[in-house]
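> My structure is below; once you've seen it, I'll send some questions.
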Amino acid sequence: MDSVEPLVAQPILEVGEFYELLTAQLESAYGRRHPCWVRGEVAKVYEKSHLYVDLVDAGSSSSDSKRPVLNAHCWASQWNPLKRKLAADGVSLQPGMIVNFFGYVDVYAPQGRIGFTVTEIDVAGLLGDVARRRQELIARLLSEGLLDANKKVALSPVPLRVGLVASPQTEGYSDFTGQLLNSGFGFAIVLVKTAVQGEAAPAQIAQAIATLDAHGVDVICLVRGGGSKGDLASFDDERVARAIAASGTPVFTGIGHTGDESIADLVAHTRAITPTKLGEEIARLVANWFATNVRSPALKLLGAAEALLDEATEYLGERRRTMIFAVRDRLRAEQRHLASTQQRLLMQSRHLLATATQMLAGNRQLLGAYDPKKRLAQGWSIVSAENGAVVRSLATIKVGDQVRVTLSDGSFASTVNEKNGV
Amino acid sequence: MSDTGNWNEAANELNSIVASFDEGEVSVDELFAKLERATTIIESLEARLETTKARVEELAPRIARVADDE
């Protein structure tokens, strides 16, 4: 039998003793009383009350089986306030992030692991990283032509079919739908419920946009009320941005408060500063269409009808007056003509009468010269036969006839005693 | 439609009657007949106008309701 001699003259430690020794050594250098900062890239992150993060050297390849990994953890008592602080600034730990952890070494003997207990996180550094990642995403979207892709999608002139991506229990949902329902227009809202914050939200939102795009609506509205930057982080997610850019339907956003501008806002067709303002904008679009295509023509129609009726009324009134005056003028003209003719006839008659009177006077004067009385007064007499006829010839009487001789102052009877011809 | 024809036909006939008066073409013998015809046309057009006005008055509030609907 061979005997085995110890290689060195050192005490042989039990496993537990070894860990006690190791822990004591490490804690003396990097323990609770000697915390330090460690920078690394988040390789894995897991949260279950406590936070668990696998930290690796930035830029190292995951295929490198020998790359160092630091199993960091942050106990709930430390993590909860830190988490709130990060959330308020819109930061959630994600794989790929470069973080600075402040803490101390932690040896967990039951699993033979050396870990790192985190007591502080460099938020300022994280914010810078978030901003950098955000700018990188914007630059990528710009270079791929996706930043303006949805802005080029034609908007329906009257977007009454509204696809809504929102969480129904939120104020943002109520504010937005309230504007549509109170607008008086018949909006048809197709709701796809999604989470609007948290890890599941970006994928759900992106899927909802694609679903509504395929469903066929006039506009897709992405709505989320106000909150911390962390609450709104889903709308900075690349999946959401790409879903918006890929949509063949205009995507409108109403996210957060005034001043919040997410990447979804940048990529969207139209951005409103709040859900309420977005509802107002959609209602305004329809109202404008209604005013242009319904209200204005209706007013013009009313005006045209009234003008036409006024014109017809005026026309008939004018025709009636013209007719009355025309008839009156015509009758007056006839009266004047008749009066003129009558006057002319009267004058002509008077002229004729005067001429006749004058002619008669001349004749009378001429006849006066032949008046028998004047002849009788001059000594002439008129012999009449018994029948009263004037005796003009001896042939009309014979001897013995009774004749009457008329003188200027009377007559006497005479008997024809003889006839002597001339 | 009355024997005066449609609105334009009636208005044209009325205009021609008025024109014949303006041009002194109407004899006294024709005057009464033309005046009677013109009166018939005017009354017919006025009746149609009143009917149309009444119908428009019925429709106007409905159109106005659309126009005022904000």
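Going through the structure tokens in order, the chains are called A, B, and so on, while each chain numbers its residues from 1 and the ligands are numbered from 1 in the order shown.
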Kindly provide the residues of chain A that approach chain B to within 6 Å, each paired with its closest atom pair and their distance in Å to one decimal, based on only C-alpha atoms, listed by chain and increasing number, as CSV.


```
residue,atom,partner,partner_atom,distance
A:Arg295,CA,B:Ala67,CA,4.3
A:Ala298,CA,B:Ala67,CA,5.7
A:Ala326,CA,B:Phe21,CA,5.8
```

> Can those selected residues be exported to a file as an mmCIF file, in the first residue's frame so that it contains C-alpha atoms?


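Final file, selection-v6.cif:
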```cif
data_model
loop_
_atom_site.group_PDB
_atom_site.id
_atom_site.type_symbol
_atom_site.label_atom_id
_atom_site.label_comp_id
_atom_site.auth_asym_id
_atom_site.auth_seq_id
_atom_site.Cartn_x
_atom_site.Cartn_y
_atom_site.Cartn_z
ATOM 1 C CA ARG A 295 -72.638 72.445 -44.192
ATOM 2 C CA ALA A 298 -76.368 73.263 -47.506
ATOM 3 C CA ALA A 326 -98.416 98.564 -71.247
#
```

> Residues of range 91-198 of chain A in strand (DSSP E or B) according to DSSP, as number ranges by chain?

A: 98-108, 113-121, 161-166, 188-193

> One decimal, Å: what's the distance from CA of Ala72 in chain A over to CA of Asp129 in chain A, could you say?

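Value for the CA of Ala72 in chain A-CA of Asp129 in chain A distance: 19.6 Å.
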
> Please extract the residues of chain B with a backbone DSSP assignment of helix (DSSP H, G or I) and present them as a ChimeraX atom specification.

/B:7-22,28-68
